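*Asks:* Handing you a structure now.
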Amino acid sequence: MADGSTRPRLPPNQALLPARRWPVVGEDAPRTSDAPWTVSIDGRVRTPVSWKLEELKGRVLRDFTLDIHCVTRWSKYDARFTGILLADLLVEAGPLPDARFLSFRARSGRGHSTSLTLADALDLGAIVVFAYEGEPLATEHGGPVRMVVPGRYFYKSVKWLEAIELLAEDRLGYWEAESGYHNNADPWREERYIAANVKKLELRRLIQARDFSGRDLLSMTADRMELKGLKAAGALLRNASFLRADLAKADFTGANLSNAHMQRADLSGATFLDADLEGADFRGCDLRGADFRGASLFGVSFTDEPDAPSDWPGAAIDSGTRIDRRQLDALSDTQKDYLMRALDRREA
C-alpha cells in the first residue's frame, strides 16, 4: 500500500515504469534569463521572502523517497529526491489567517503555474527539490529547482520553481485553465480532466459531418458511434471516449488524443502521424493497417498490465500496422514486450 491505507499503491489505469525510466513530459528547459535565480514566497504572508538558489541549496537538505504518477498514465516507484519541505519555508514567510491557496510559478517561457490548497500542500508534504537519486536535478526534469507534490498527478509538481504566492482565493494554473486538467489531480480518483467543453448540439453536428478537424473537444464522448473516415487532423481530443466506435480509416494526423479511451474501437487503416497519444488506451482495438509513425506513445496501453483488474484483449496488429521500433522506448516494459512480439510475428 502507498501510505498505510487500504488503497492500492498503483492508482487506477496507470502503467508502472522500470526504475531507470523517467520520461520527459512538457517543456524541457526554463526560459533564458541573465537574472540570478531566486525563489520567492509572497502574497498573503506577514513577511515576503526571497532566497538566491545557492542559499536554499546550502541549507540542511533531506532525502524523500516517493512514487510519481503522471497524468499520461505512467507511474514510477521509489524516486529519491533531495530538498526542503515547503512547510519549513512557509514558516519563515508566516501565512496570514486568510491564506488558503498556493500558486506555484515556473521560470518557463509560458510562465507555467499550478495551484494547491494550503491544507493539501501541508498534508501531502510538498517538497522544494534540488536533486534526484543523489545527483543535481537534470534541466529537462525541472532542475535546478522544482516542486514535488506526493499523492497528486505530476503536473502539480511544477518545474523550474521561481515563485510561490499565497492567496485568499484560488487561481487556476496553466494546465488547469488552458488544457482542462483537473484542479485537484488525485490519481486514485482519476481526477485527470474537468468536464467536457462542447455542447451536445454542437457535438451532434460535428459527428454528423464526421469532421473534427482542428476542434477542441475535451472529454467528448462518441462511444459505439459509426465514424468511419472521420476527419480529425489537428483536433484536441484529450480524454475523449471512443469505446467500440467504428473509426476505420479515420485521420488523426497531428491530433492530441492524450488519455483518450479507444478500447475495442475499429481503427483499421487509421492515421496517427505525429499525433500526441500519451496515455491513450488502445486495448482490444483493431489496429491493422494503422499508421503510428511520429506519434508520441508515452503511457499508451495496447494490452493489460500485470494484475490489472480487467480482461481486455490485446490490440490487433498486422503487417500493415506502421510503428517505428524506436517509438517503443516510450512504453512500459509490458506494453513494449507486447508490441515487440506482435512486430516479430508479422515480420517472421
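Following the order of the C-alpha cells, chains are lettered A, B, ..., residues in each are numbered from 1, and ligands are numbered from 1.
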Could you list, as a short mmCIF file (atom, residue, chain, number, x, y, z; two decimals) with all heavy atoms, in the first residue's frame, every residue within 9 Å of stretch 78-95 of chain A, counting only C-alpha atoms and ignoring same-chain residues fewer than 6 positions away?

*Replies:*
```
data_model
loop_
_atom_site.label_atom_id
_atom_site.label_comp_id
_atom_site.auth_asym_id
_atom_site.auth_seq_id
_atom_site.Cartn_x
_atom_site.Cartn_y
_atom_site.Cartn_z
N ALA A 19 12.56 1.18 -12.87
CA ALA A 19 13.21 2.17 -12.02
C ALA A 19 14.07 3.15 -12.81
O ALA A 19 14.17 4.33 -12.47
CB ALA A 19 14.04 1.47 -10.95
N ILE A 41 8.58 33.76 -1.80
CA ILE A 41 7.26 33.49 -1.24
C ILE A 41 6.65 34.84 -0.87
O ILE A 41 7.24 35.60 -0.10
CB ILE A 41 7.33 32.59 0.01
CG1 ILE A 41 7.94 31.22 -0.34
CG2 ILE A 41 5.93 32.39 0.60
CD1 ILE A 41 8.07 30.28 0.87
N ASP A 42 5.49 35.13 -1.44
CA ASP A 42 4.85 36.42 -1.15
C ASP A 42 3.33 36.24 -1.19
O ASP A 42 2.82 35.13 -1.10
CB ASP A 42 5.33 37.51 -2.11
CG ASP A 42 5.09 37.16 -3.57
OD1 ASP A 42 4.25 36.27 -3.86
OD2 ASP A 42 5.73 37.76 -4.44
N GLY A 43 2.61 37.34 -1.32
CA GLY A 43 1.15 37.29 -1.28
C GLY A 43 0.64 37.47 0.13
O GLY A 43 1.08 38.37 0.86
N ARG A 44 -0.25 36.59 0.54
CA ARG A 44 -0.90 36.71 1.85
C ARG A 44 0.02 36.12 2.93
O ARG A 44 -0.25 35.06 3.52
CB ARG A 44 -2.26 36.01 1.84
CG ARG A 44 -3.22 36.52 0.78
CD ARG A 44 -3.50 38.00 0.93
NE ARG A 44 -4.12 38.28 2.23
CZ ARG A 44 -4.07 39.46 2.84
NH1 ARG A 44 -3.39 40.47 2.28
NH2 ARG A 44 -4.66 39.63 4.00
N VAL A 45 1.13 36.85 3.19
CA VAL A 45 2.11 36.45 4.20
C VAL A 45 2.48 37.67 5.04
O VAL A 45 2.35 38.81 4.60
CB VAL A 45 3.38 35.84 3.57
CG1 VAL A 45 3.05 34.55 2.83
CG2 VAL A 45 4.07 36.84 2.63
N ARG A 46 2.98 37.41 6.24
CA ARG A 46 3.43 38.50 7.10
C ARG A 46 4.73 39.09 6.59
O ARG A 46 4.95 40.30 6.65
CB ARG A 46 3.60 38.00 8.53
CG ARG A 46 2.31 37.60 9.22
CD ARG A 46 2.53 37.26 10.69
NE ARG A 46 1.26 36.90 11.34
CZ ARG A 46 0.74 35.69 11.34
NH1 ARG A 46 1.38 34.70 10.72
NH2 ARG A 46 -0.41 35.45 11.95
N THR A 47 5.63 38.23 6.10
CA THR A 47 6.96 38.68 5.69
C THR A 47 7.32 38.06 4.34
O THR A 47 7.73 36.89 4.28
CB THR A 47 8.03 38.27 6.72
OG1 THR A 47 7.63 38.71 8.02
CG2 THR A 47 9.38 38.87 6.35
N PRO A 48 7.17 38.80 3.22
CA PRO A 48 7.61 38.26 1.94
C PRO A 48 9.11 37.93 2.00
O PRO A 48 9.90 38.69 2.58
CB PRO A 48 7.34 39.40 0.96
CG PRO A 48 6.28 40.23 1.62
CD PRO A 48 6.57 40.14 3.10
N VAL A 49 9.47 36.78 1.44
CA VAL A 49 10.87 36.34 1.50
C VAL A 49 11.32 35.93 0.10
O VAL A 49 10.53 35.53 -0.74
CB VAL A 49 11.06 35.17 2.48
CG1 VAL A 49 10.94 35.63 3.91
CG2 VAL A 49 10.06 34.05 2.19
N LEU A 56 19.34 28.48 -0.71
CA LEU A 56 18.47 27.35 -0.40
C LEU A 56 19.23 26.03 -0.47
O LEU A 56 19.06 25.16 0.40
CB LEU A 56 17.29 27.32 -1.37
CG LEU A 56 16.19 28.37 -1.15
CD1 LEU A 56 15.10 28.21 -2.20
CD2 LEU A 56 15.58 28.23 0.24
N LYS A 57 20.04 25.87 -1.49
CA LYS A 57 20.78 24.61 -1.65
C LYS A 57 21.81 24.42 -0.54
O LYS A 57 22.24 23.29 -0.27
CB LYS A 57 21.46 24.58 -3.02
CG LYS A 57 20.46 24.48 -4.16
CD LYS A 57 21.11 24.70 -5.51
CE LYS A 57 22.03 23.58 -5.89
NZ LYS A 57 22.57 23.76 -7.27
N ARG A 59 21.26 24.93 2.60
CA ARG A 59 20.62 24.55 3.85
C ARG A 59 20.76 23.04 4.09
O ARG A 59 21.19 22.29 3.22
CB ARG A 59 19.14 24.93 3.80
CG ARG A 59 18.90 26.44 3.75
CD ARG A 59 17.43 26.74 3.87
NE ARG A 59 17.20 28.17 3.99
CZ ARG A 59 16.17 28.71 4.63
NH1 ARG A 59 15.30 27.92 5.26
NH2 ARG A 59 16.02 30.02 4.69
N VAL A 60 20.35 22.63 5.27
CA VAL A 60 20.31 21.19 5.55
C VAL A 60 19.18 20.58 4.72
O VAL A 60 18.01 20.94 4.89
CB VAL A 60 20.08 20.92 7.05
CG1 VAL A 60 19.94 19.43 7.30
CG2 VAL A 60 21.23 21.50 7.88
N LEU A 61 19.55 19.68 3.82
CA LEU A 61 18.58 19.05 2.93
C LEU A 61 18.28 17.63 3.39
O LEU A 61 19.09 16.99 4.04
CB LEU A 61 19.11 19.04 1.49
CG LEU A 61 19.56 20.38 0.91
CD1 LEU A 61 20.05 20.22 -0.52
CD2 LEU A 61 18.40 21.40 0.95
N ARG A 62 17.10 17.15 3.01
CA ARG A 62 16.67 15.80 3.38
C ARG A 62 16.36 14.98 2.13
O ARG A 62 16.03 15.54 1.07
CB ARG A 62 15.41 15.86 4.23
CG ARG A 62 15.59 16.48 5.60
CD ARG A 62 14.25 16.69 6.27
NE ARG A 62 13.44 15.46 6.28
CZ ARG A 62 12.14 15.42 6.60
NH1 ARG A 62 11.52 16.54 6.94
NH2 ARG A 62 11.49 14.28 6.58
N ASP A 63 16.49 13.66 2.26
CA ASP A 63 16.09 12.75 1.19
C ASP A 63 14.64 12.31 1.41
O ASP A 63 14.23 12.03 2.54
CB ASP A 63 16.99 11.52 1.14
CG ASP A 63 18.37 11.83 0.58
OD1 ASP A 63 18.51 12.86 -0.11
OD2 ASP A 63 19.29 11.04 0.83
N PHE A 64 13.89 12.24 0.31
CA PHE A 64 12.50 11.80 0.34
C PHE A 64 12.31 10.74 -0.75
O PHE A 64 12.63 11.00 -1.92
CB PHE A 64 11.55 12.97 0.06
CG PHE A 64 11.68 14.12 1.02
CD1 PHE A 64 12.65 15.11 0.81
CD2 PHE A 64 10.84 14.23 2.11
CE1 PHE A 64 12.77 16.18 1.68
CE2 PHE A 64 10.96 15.30 2.99
CZ PHE A 64 11.92 16.27 2.79
N THR A 65 11.83 9.57 -0.39
CA THR A 65 11.57 8.52 -1.37
C THR A 65 10.06 8.38 -1.54
O THR A 65 9.33 8.15 -0.57
CB THR A 65 12.17 7.18 -0.91
OG1 THR A 65 13.59 7.34 -0.75
CG2 THR A 65 11.91 6.09 -1.94
N LEU A 66 9.60 8.55 -2.77
CA LEU A 66 8.16 8.57 -3.02
C LEU A 66 7.87 8.10 -4.44
O LEU A 66 8.78 7.90 -5.25
CB LEU A 66 7.61 9.97 -2.78
CG LEU A 66 8.35 11.14 -3.45
CD1 LEU A 66 7.77 11.44 -4.80
CD2 LEU A 66 8.32 12.37 -2.56
N ASP A 67 6.58 7.93 -4.74
CA ASP A 67 6.14 7.47 -6.05
C ASP A 67 5.65 8.65 -6.89
O ASP A 67 5.08 9.61 -6.36
CB ASP A 67 5.00 6.45 -5.91
CG ASP A 67 5.40 5.22 -5.12
OD1 ASP A 67 6.62 4.98 -4.98
OD2 ASP A 67 4.50 4.51 -4.64
N ILE A 68 5.88 8.56 -8.19
CA ILE A 68 5.44 9.57 -9.16
C ILE A 68 4.29 8.99 -9.97
O ILE A 68 4.36 7.84 -10.43
CB ILE A 68 6.58 9.95 -10.12
CG1 ILE A 68 7.72 10.64 -9.38
CG2 ILE A 68 6.06 10.86 -11.24
CD1 ILE A 68 8.94 10.84 -10.25
N ALA A 121 -1.15 21.11 0.51
CA ALA A 121 0.31 21.21 0.40
C ALA A 121 0.99 20.75 1.69
O ALA A 121 2.02 20.06 1.65
CB ALA A 121 0.71 22.64 0.06
N LEU A 122 0.41 21.10 2.81
CA LEU A 122 0.99 20.70 4.10
C LEU A 122 0.72 19.22 4.40
O LEU A 122 1.61 18.48 4.81
CB LEU A 122 0.43 21.58 5.21
CG LEU A 122 0.76 23.07 5.10
CD1 LEU A 122 0.07 23.85 6.21
CD2 LEU A 122 2.26 23.32 5.14
N GLY A 125 2.81 16.90 2.19
CA GLY A 125 4.25 17.02 2.36
C GLY A 125 4.95 17.50 1.11
O GLY A 125 5.96 16.92 0.67
N ALA A 126 4.46 18.59 0.50
CA ALA A 126 5.08 19.15 -0.70
C ALA A 126 6.54 19.53 -0.42
O ALA A 126 6.88 20.00 0.67
CB ALA A 126 4.30 20.37 -1.17
N ILE A 127 7.40 19.31 -1.43
CA ILE A 127 8.85 19.47 -1.25
C ILE A 127 9.41 20.39 -2.33
O ILE A 127 9.02 20.29 -3.50
CB ILE A 127 9.57 18.10 -1.37
CG1 ILE A 127 8.84 17.03 -0.56
CG2 ILE A 127 11.02 18.21 -0.94
CD1 ILE A 127 9.17 15.61 -1.04
N VAL A 128 10.33 21.26 -1.95
CA VAL A 128 11.15 22.01 -2.90
C VAL A 128 12.41 21.18 -3.14
O VAL A 128 13.18 20.92 -2.21
CB VAL A 128 11.51 23.40 -2.35
CG1 VAL A 128 12.42 24.15 -3.32
CG2 VAL A 128 10.24 24.21 -2.07
N VAL A 129 12.62 20.75 -4.38
CA VAL A 129 13.59 19.69 -4.70
C VAL A 129 14.74 20.23 -5.54
O VAL A 129 14.55 21.02 -6.47
CB VAL A 129 12.87 18.54 -5.43
CG1 VAL A 129 13.86 17.63 -6.14
CG2 VAL A 129 12.03 17.75 -4.45
N PHE A 130 15.98 19.74 -5.23
CA PHE A 130 17.19 20.14 -5.95
C PHE A 130 17.93 18.96 -6.58
O PHE A 130 18.78 19.17 -7.45
CB PHE A 130 18.16 20.85 -5.01
CG PHE A 130 17.55 21.99 -4.26
CD1 PHE A 130 17.15 21.83 -2.94
CD2 PHE A 130 17.35 23.22 -4.87
CE1 PHE A 130 16.57 22.88 -2.24
CE2 PHE A 130 16.78 24.27 -4.17
CZ PHE A 130 16.38 24.10 -2.85
N ALA A 131 17.66 17.75 -6.13
CA ALA A 131 18.43 16.60 -6.61
C ALA A 131 17.53 15.37 -6.75
O ALA A 131 16.50 15.26 -6.09
CB ALA A 131 19.59 16.28 -5.65
N TYR A 132 17.97 14.46 -7.63
CA TYR A 132 17.27 13.20 -7.86
C TYR A 132 18.30 12.08 -7.88
O TYR A 132 19.31 12.16 -8.58
CB TYR A 132 16.52 13.25 -9.20
CG TYR A 132 16.00 11.93 -9.68
CD1 TYR A 132 14.91 11.32 -9.05
CD2 TYR A 132 16.58 11.29 -10.77
CE1 TYR A 132 14.43 10.10 -9.49
CE2 TYR A 132 16.10 10.07 -11.22
CZ TYR A 132 15.02 9.47 -10.59
OH TYR A 132 14.55 8.27 -11.02
N GLU A 133 18.06 11.06 -7.06
CA GLU A 133 18.97 9.91 -6.94
C GLU A 133 20.41 10.37 -6.67
O GLU A 133 21.37 9.84 -7.24
CB GLU A 133 18.91 9.03 -8.20
CG GLU A 133 17.54 8.45 -8.48
CD GLU A 133 17.05 7.51 -7.38
OE1 GLU A 133 17.88 7.04 -6.58
OE2 GLU A 133 15.83 7.24 -7.31
N GLY A 134 20.56 11.37 -5.81
CA GLY A 134 21.87 11.83 -5.38
C GLY A 134 22.60 12.74 -6.34
O GLY A 134 23.72 13.17 -6.05
N GLU A 135 21.97 13.07 -7.48
CA GLU A 135 22.60 13.95 -8.47
C GLU A 135 21.75 15.20 -8.65
O GLU A 135 20.53 15.16 -8.46
CB GLU A 135 22.73 13.23 -9.81
CG GLU A 135 23.60 11.98 -9.78
CD GLU A 135 25.07 12.30 -9.53
OE1 GLU A 135 25.49 13.44 -9.87
OE2 GLU A 135 25.78 11.43 -9.00
N PRO A 136 22.40 16.34 -9.01
CA PRO A 136 21.61 17.55 -9.26
C PRO A 136 20.48 17.27 -10.25
O PRO A 136 20.66 16.52 -11.22
CB PRO A 136 22.65 18.52 -9.85
CG PRO A 136 23.95 18.06 -9.27
CD PRO A 136 23.86 16.57 -9.20
N LEU A 137 19.35 17.83 -10.00
CA LEU A 137 18.19 17.61 -10.83
C LEU A 137 18.46 18.07 -12.26
O LEU A 137 18.87 19.20 -12.50
CB LEU A 137 17.01 18.39 -10.25
CG LEU A 137 15.60 18.06 -10.69
CD1 LEU A 137 15.24 16.61 -10.40
CD2 LEU A 137 14.62 19.01 -10.01
N VAL A 145 15.69 23.59 -9.72
CA VAL A 145 14.79 23.50 -8.57
C VAL A 145 13.36 23.35 -9.06
O VAL A 145 12.93 24.03 -9.99
CB VAL A 145 14.93 24.75 -7.65
CG1 VAL A 145 14.65 26.04 -8.41
CG2 VAL A 145 14.04 24.62 -6.42
N MET A 147 9.12 21.85 -7.70
CA MET A 147 8.24 21.32 -6.67
C MET A 147 8.02 19.83 -6.91
O MET A 147 8.01 19.38 -8.06
CB MET A 147 6.89 22.02 -6.69
CG MET A 147 6.89 23.44 -6.18
SD MET A 147 7.51 23.63 -4.49
CE MET A 147 6.45 22.49 -3.58
N VAL A 148 7.84 19.08 -5.84
CA VAL A 148 7.36 17.70 -5.92
C VAL A 148 6.24 17.57 -4.89
O VAL A 148 6.45 17.83 -3.70
CB VAL A 148 8.48 16.67 -5.66
CG1 VAL A 148 7.89 15.28 -5.47
CG2 VAL A 148 9.48 16.68 -6.81
N LEU A 166 0.90 33.06 -1.87
CA LEU A 166 -0.23 32.63 -1.05
C LEU A 166 -1.43 33.51 -1.36
O LEU A 166 -1.30 34.74 -1.48
CB LEU A 166 0.12 32.71 0.44
CG LEU A 166 0.92 31.50 0.94
CD1 LEU A 166 2.40 31.63 0.61
CD2 LEU A 166 0.72 31.29 2.43
#
```

*Asks:* As a PDB file with N, CA, C and O atoms, in the first residue's frame, list the residues of stretch 102-175 of chain A assigned to strand (DSSP E) by DSSP on the backbone atoms of this structure.

*Replies:*
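Saved file part_0.pdb follows:
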```pdb
ATOM      1  N   LEU A 102      -2.134  28.155  -2.556  1.00  0.00           N
ATOM      2  CA  LEU A 102      -0.773  28.435  -3.002  1.00  0.00           C
ATOM      3  C   LEU A 102      -0.739  28.391  -4.521  1.00  0.00           C
ATOM      4  O   LEU A 102      -1.275  27.460  -5.137  1.00  0.00           O
ATOM      5  N   SER A 103      -0.099  29.361  -5.136  1.00  0.00           N
ATOM      6  CA  SER A 103       0.139  29.361  -6.577  1.00  0.00           C
ATOM      7  C   SER A 103       1.637  29.247  -6.809  1.00  0.00           C
ATOM      8  O   SER A 103       2.417  30.045  -6.273  1.00  0.00           O
ATOM      9  N   PHE A 104       2.053  28.233  -7.578  1.00  0.00           N
ATOM     10  CA  PHE A 104       3.471  27.986  -7.876  1.00  0.00           C
ATOM     11  C   PHE A 104       3.745  28.418  -9.312  1.00  0.00           C
ATOM     12  O   PHE A 104       3.060  27.963 -10.242  1.00  0.00           O
ATOM     13  N   ARG A 105       4.746  29.251  -9.514  1.00  0.00           N
ATOM     14  CA  ARG A 105       5.053  29.745 -10.857  1.00  0.00           C
ATOM     15  C   ARG A 105       6.432  29.276 -11.297  1.00  0.00           C
ATOM     16  O   ARG A 105       7.397  29.306 -10.529  1.00  0.00           O
ATOM     17  N   ALA A 106       6.518  28.857 -12.557  1.00  0.00           N
ATOM     18  CA  ALA A 106       7.760  28.345 -13.130  1.00  0.00           C
ATOM     19  C   ALA A 106       8.513  29.426 -13.886  1.00  0.00           C
ATOM     20  O   ALA A 106       7.919  30.357 -14.434  1.00  0.00           O
ATOM     21  N   SER A 113       2.179  27.690 -14.317  1.00  0.00           N
ATOM     22  CA  SER A 113       1.854  27.757 -12.898  1.00  0.00           C
ATOM     23  C   SER A 113       0.864  26.653 -12.571  1.00  0.00           C
ATOM     24  O   SER A 113       0.249  26.051 -13.459  1.00  0.00           O
ATOM     25  N   THR A 114       0.714  26.380 -11.312  1.00  0.00           N
ATOM     26  CA  THR A 114      -0.323  25.471 -10.827  1.00  0.00           C
ATOM     27  C   THR A 114      -0.650  25.881  -9.409  1.00  0.00           C
ATOM     28  O   THR A 114       0.038  26.716  -8.817  1.00  0.00           O
ATOM     29  N   SER A 115      -1.733  25.325  -8.859  1.00  0.00           N
ATOM     30  CA  SER A 115      -2.134  25.732  -7.514  1.00  0.00           C
ATOM     31  C   SER A 115      -2.509  24.519  -6.675  1.00  0.00           C
ATOM     32  O   SER A 115      -2.829  23.444  -7.197  1.00  0.00           O
ATOM     33  N   LEU A 116      -2.442  24.715  -5.371  1.00  0.00           N
ATOM     34  CA  LEU A 116      -2.887  23.733  -4.379  1.00  0.00           C
ATOM     35  C   LEU A 116      -3.557  24.493  -3.243  1.00  0.00           C
ATOM     36  O   LEU A 116      -3.267  25.673  -3.025  1.00  0.00           O
ATOM     37  N   THR A 117      -4.423  23.807  -2.514  1.00  0.00           N
ATOM     38  CA  THR A 117      -4.855  24.408  -1.262  1.00  0.00           C
ATOM     39  C   THR A 117      -3.672  24.355  -0.299  1.00  0.00           C
ATOM     40  O   THR A 117      -2.833  23.444  -0.359  1.00  0.00           O
ATOM     41  N   ILE A 127       7.400  19.312  -1.429  1.00  0.00           N
ATOM     42  CA  ILE A 127       8.848  19.470  -1.252  1.00  0.00           C
ATOM     43  C   ILE A 127       9.412  20.391  -2.331  1.00  0.00           C
ATOM     44  O   ILE A 127       9.025  20.295  -3.502  1.00  0.00           O
ATOM     45  N   VAL A 128      10.334  21.256  -1.951  1.00  0.00           N
ATOM     46  CA  VAL A 128      11.150  22.011  -2.896  1.00  0.00           C
ATOM     47  C   VAL A 128      12.412  21.176  -3.139  1.00  0.00           C
ATOM     48  O   VAL A 128      13.176  20.915  -2.209  1.00  0.00           O
ATOM     49  N   VAL A 129      12.618  20.746  -4.382  1.00  0.00           N
ATOM     50  CA  VAL A 129      13.595  19.695  -4.700  1.00  0.00           C
ATOM     51  C   VAL A 129      14.744  20.231  -5.542  1.00  0.00           C
ATOM     52  O   VAL A 129      14.552  21.023  -6.465  1.00  0.00           O
ATOM     53  N   PHE A 130      15.980  19.740  -5.228  1.00  0.00           N
ATOM     54  CA  PHE A 130      17.188  20.138  -5.954  1.00  0.00           C
ATOM     55  C   PHE A 130      17.932  18.960  -6.583  1.00  0.00           C
ATOM     56  O   PHE A 130      18.781  19.168  -7.452  1.00  0.00           O
ATOM     57  N   ALA A 131      17.657  17.745  -6.127  1.00  0.00           N
ATOM     58  CA  ALA A 131      18.434  16.596  -6.607  1.00  0.00           C
ATOM     59  C   ALA A 131      17.534  15.373  -6.750  1.00  0.00           C
ATOM     60  O   ALA A 131      16.496  15.258  -6.091  1.00  0.00           O
ATOM     61  N   TYR A 132      17.974  14.459  -7.633  1.00  0.00           N
ATOM     62  CA  TYR A 132      17.270  13.200  -7.865  1.00  0.00           C
ATOM     63  C   TYR A 132      18.298  12.076  -7.881  1.00  0.00           C
ATOM     64  O   TYR A 132      19.307  12.163  -8.585  1.00  0.00           O
ATOM     65  N   GLU A 135      21.972  13.070  -7.479  1.00  0.00           N
ATOM     66  CA  GLU A 135      22.596  13.948  -8.468  1.00  0.00           C
ATOM     67  C   GLU A 135      21.751  15.204  -8.652  1.00  0.00           C
ATOM     68  O   GLU A 135      20.525  15.164  -8.464  1.00  0.00           O
ATOM     69  N   PRO A 136      22.398  16.339  -9.012  1.00  0.00           N
ATOM     70  CA  PRO A 136      21.610  17.547  -9.260  1.00  0.00           C
ATOM     71  C   PRO A 136      20.485  17.268 -10.252  1.00  0.00           C
ATOM     72  O   PRO A 136      20.663  16.524 -11.225  1.00  0.00           O
ATOM     73  N   ARG A 146      12.631  22.436  -8.432  1.00  0.00           N
ATOM     74  CA  ARG A 146      11.243  22.218  -8.800  1.00  0.00           C
ATOM     75  C   ARG A 146      10.437  21.861  -7.551  1.00  0.00           C
ATOM     76  O   ARG A 146      10.990  21.569  -6.491  1.00  0.00           O
ATOM     77  N   MET A 147       9.120  21.847  -7.702  1.00  0.00           N
ATOM     78  CA  MET A 147       8.242  21.323  -6.665  1.00  0.00           C
ATOM     79  C   MET A 147       8.020  19.832  -6.910  1.00  0.00           C
ATOM     80  O   MET A 147       8.010  19.383  -8.058  1.00  0.00           O
ATOM     81  N   VAL A 148       7.839  19.078  -5.845  1.00  0.00           N
ATOM     82  CA  VAL A 148       7.361  17.702  -5.919  1.00  0.00           C
ATOM     83  C   VAL A 148       6.240  17.570  -4.893  1.00  0.00           C
ATOM     84  O   VAL A 148       6.449  17.828  -3.702  1.00  0.00           O
ATOM     85  N   LEU A 161      11.017  26.038 -10.434  1.00  0.00           N
ATOM     86  CA  LEU A 161      10.294  26.875  -9.482  1.00  0.00           C
ATOM     87  C   LEU A 161      10.938  28.248  -9.336  1.00  0.00           C
ATOM     88  O   LEU A 161      12.144  28.365  -9.145  1.00  0.00           O
ATOM     89  N   GLU A 162      10.102  29.272  -9.380  1.00  0.00           N
ATOM     90  CA  GLU A 162      10.586  30.645  -9.250  1.00  0.00           C
ATOM     91  C   GLU A 162       9.840  31.426  -8.174  1.00  0.00           C
ATOM     92  O   GLU A 162      10.445  32.247  -7.479  1.00  0.00           O
ATOM     93  N   ALA A 163       8.555  31.174  -8.043  1.00  0.00           N
ATOM     94  CA  ALA A 163       7.775  31.973  -7.087  1.00  0.00           C
ATOM     95  C   ALA A 163       6.621  31.160  -6.518  1.00  0.00           C
ATOM     96  O   ALA A 163       6.021  30.333  -7.210  1.00  0.00           O
ATOM     97  N   ILE A 164       6.334  31.411  -5.251  1.00  0.00           N
ATOM     98  CA  ILE A 164       5.189  30.820  -4.560  1.00  0.00           C
ATOM     99  C   ILE A 164       4.385  31.973  -3.984  1.00  0.00           C
ATOM    100  O   ILE A 164       4.915  32.800  -3.233  1.00  0.00           O
ATOM    101  N   GLU A 165       3.115  32.039  -4.353  1.00  0.00           N
ATOM    102  CA  GLU A 165       2.262  33.125  -3.886  1.00  0.00           C
ATOM    103  C   GLU A 165       1.114  32.539  -3.065  1.00  0.00           C
ATOM    104  O   GLU A 165       0.434  31.608  -3.507  1.00  0.00           O
ATOM    105  N   LEU A 166       0.902  33.058  -1.867  1.00  0.00           N
ATOM    106  CA  LEU A 166      -0.227  32.635  -1.046  1.00  0.00           C
ATOM    107  C   LEU A 166      -1.429  33.510  -1.363  1.00  0.00           C
ATOM    108  O   LEU A 166      -1.297  34.741  -1.484  1.00  0.00           O
ATOM    109  N   LEU A 167      -2.587  32.868  -1.502  1.00  0.00           N
ATOM    110  CA  LEU A 167      -3.784  33.550  -1.971  1.00  0.00           C
ATOM    111  C   LEU A 167      -4.962  33.281  -1.047  1.00  0.00           C
ATOM    112  O   LEU A 167      -5.060  32.206  -0.435  1.00  0.00           O
TER     113      LEU A 167
END
```

*Asks:* What is the atom CA of A:His69-atom CA of A:Asp333 distance in Å, reported with one decimal?

*Replies:*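 Atom CA of A:His69 sits 16.4 Å away from atom CA of A:Asp333.
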
*Asks:* To one decimal in Å, tell me the separation between atom CA of A:Leu297 and atom CA of A:Leu218.

*Replies:*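 Straight-line distance from atom CA of A:Leu297 to atom CA of A:Leu218 works out to 19.2 Å.
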
*Asks:* May I ask for the distance between atom CA of A:Lys336 and atom CA of A:Lys159, given in Å to one decimal place?

*Replies:*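 Spanning atom CA of A:Lys336 to atom CA of A:Lys159 is a straight-line distance of 28.2 Å.
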
*Asks:* May I ask which of the residues A:Tyr193, A:Tyr155, A:Trp160, A:Trp188 is the closest one to A:Gly173, counting only C-alpha atoms?

*Replies:* A:Tyr155

*Asks:* Please report, as a tab-separated table, each residue of stretch 73-183 of chain A lying at most 12 Å from stretch 275-290 of chain A, together with the nearest pair of atoms and the separation in Å rounded to one decimal; use only C-alpha atoms, and order rows by chain and ascending residue number.

*Replies:*
```
residue	atom	partner	partner_atom	distance
A:Arg73	CA	A:Gly279	CA	4.9
A:Trp74	CA	A:Gly279	CA	7.6
A:Ser75	CA	A:Gly279	CA	11.2
```

*Asks:* Those residues with N, CA, C and O atoms, as a PDB file, in the first residue's frame please?

*Replies:*
```
ATOM      1  N   ARG A  73      -0.663   8.480 -17.613  1.00  0.00           N
ATOM      2  CA  ARG A  73      -0.891   7.071 -17.285  1.00  0.00           C
ATOM      3  C   ARG A  73       0.363   6.248 -17.015  1.00  0.00           C
ATOM      4  O   ARG A  73       0.334   5.031 -17.119  1.00  0.00           O
ATOM      5  N   TRP A  74       1.488   6.862 -16.673  1.00  0.00           N
ATOM      6  CA  TRP A  74       2.618   6.068 -16.197  1.00  0.00           C
ATOM      7  C   TRP A  74       2.935   6.458 -14.756  1.00  0.00           C
ATOM      8  O   TRP A  74       2.694   7.583 -14.319  1.00  0.00           O
ATOM      9  N   SER A  75       3.450   5.486 -14.031  1.00  0.00           N
ATOM     10  CA  SER A  75       3.861   5.688 -12.643  1.00  0.00           C
ATOM     11  C   SER A  75       5.273   5.168 -12.447  1.00  0.00           C
ATOM     12  O   SER A  75       5.730   4.285 -13.183  1.00  0.00           O
TER      13      SER A  75
END
```

*Asks:* Write out as a ChimeraX atom specification all residues of stretch 45-147 of chain A that DSSP puts in alpha helix (DSSP H) for this structure's backbone.

*Replies:* /A:53-57,86-93,118-124

*Asks:* Which is closer to A:Met225 than all the others in A:Glu202, A:Glu54, A:Glu169, A:Asp266, using only C-alpha atoms?

*Replies:*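 Among the listed residues, the smallest separation from A:Met225 belongs to A:Asp266.
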
*Asks:* Fewer than 2 positions away in the same chain doesn't count, so skip those; otherwise give me all residues within 10 Å of stretch 4-14 of chain A, counting only C-alpha atoms, as a ChimeraX atom specification.

*Replies:* /A:1-2,16-17,67-77,151,186-190,279,281,299-301,304-305,308-309

*Asks:* Neighbours of A:Phe212 within 8 Å (only C-alpha atoms; same-chain residues fewer than 4 positions away dropped), as a ChimeraX atom specification?

*Replies:* /A:206-207,230-233,235

*Asks:* Could you write out that same residue set with C-alpha atoms as a CSV table (one decimal), in the first residue's frame?

*Replies:*
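So the final result, stored in again-v3.csv, reads:
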```csv
chain,number,residue,atom,x,y,z
A,206,LEU,CA,-19.8,17.6,-35.8
A,207,ILE,CA,-20.5,13.9,-35.6
A,230,LEU,CA,-13.6,10.7,-39.6
A,231,LYS,CA,-11.5,13.8,-40.3
A,232,ALA,CA,-9.8,14.8,-37.1
A,233,ALA,CA,-6.4,16.2,-38.1
A,235,ALA,CA,-8.1,18.1,-33.3
```
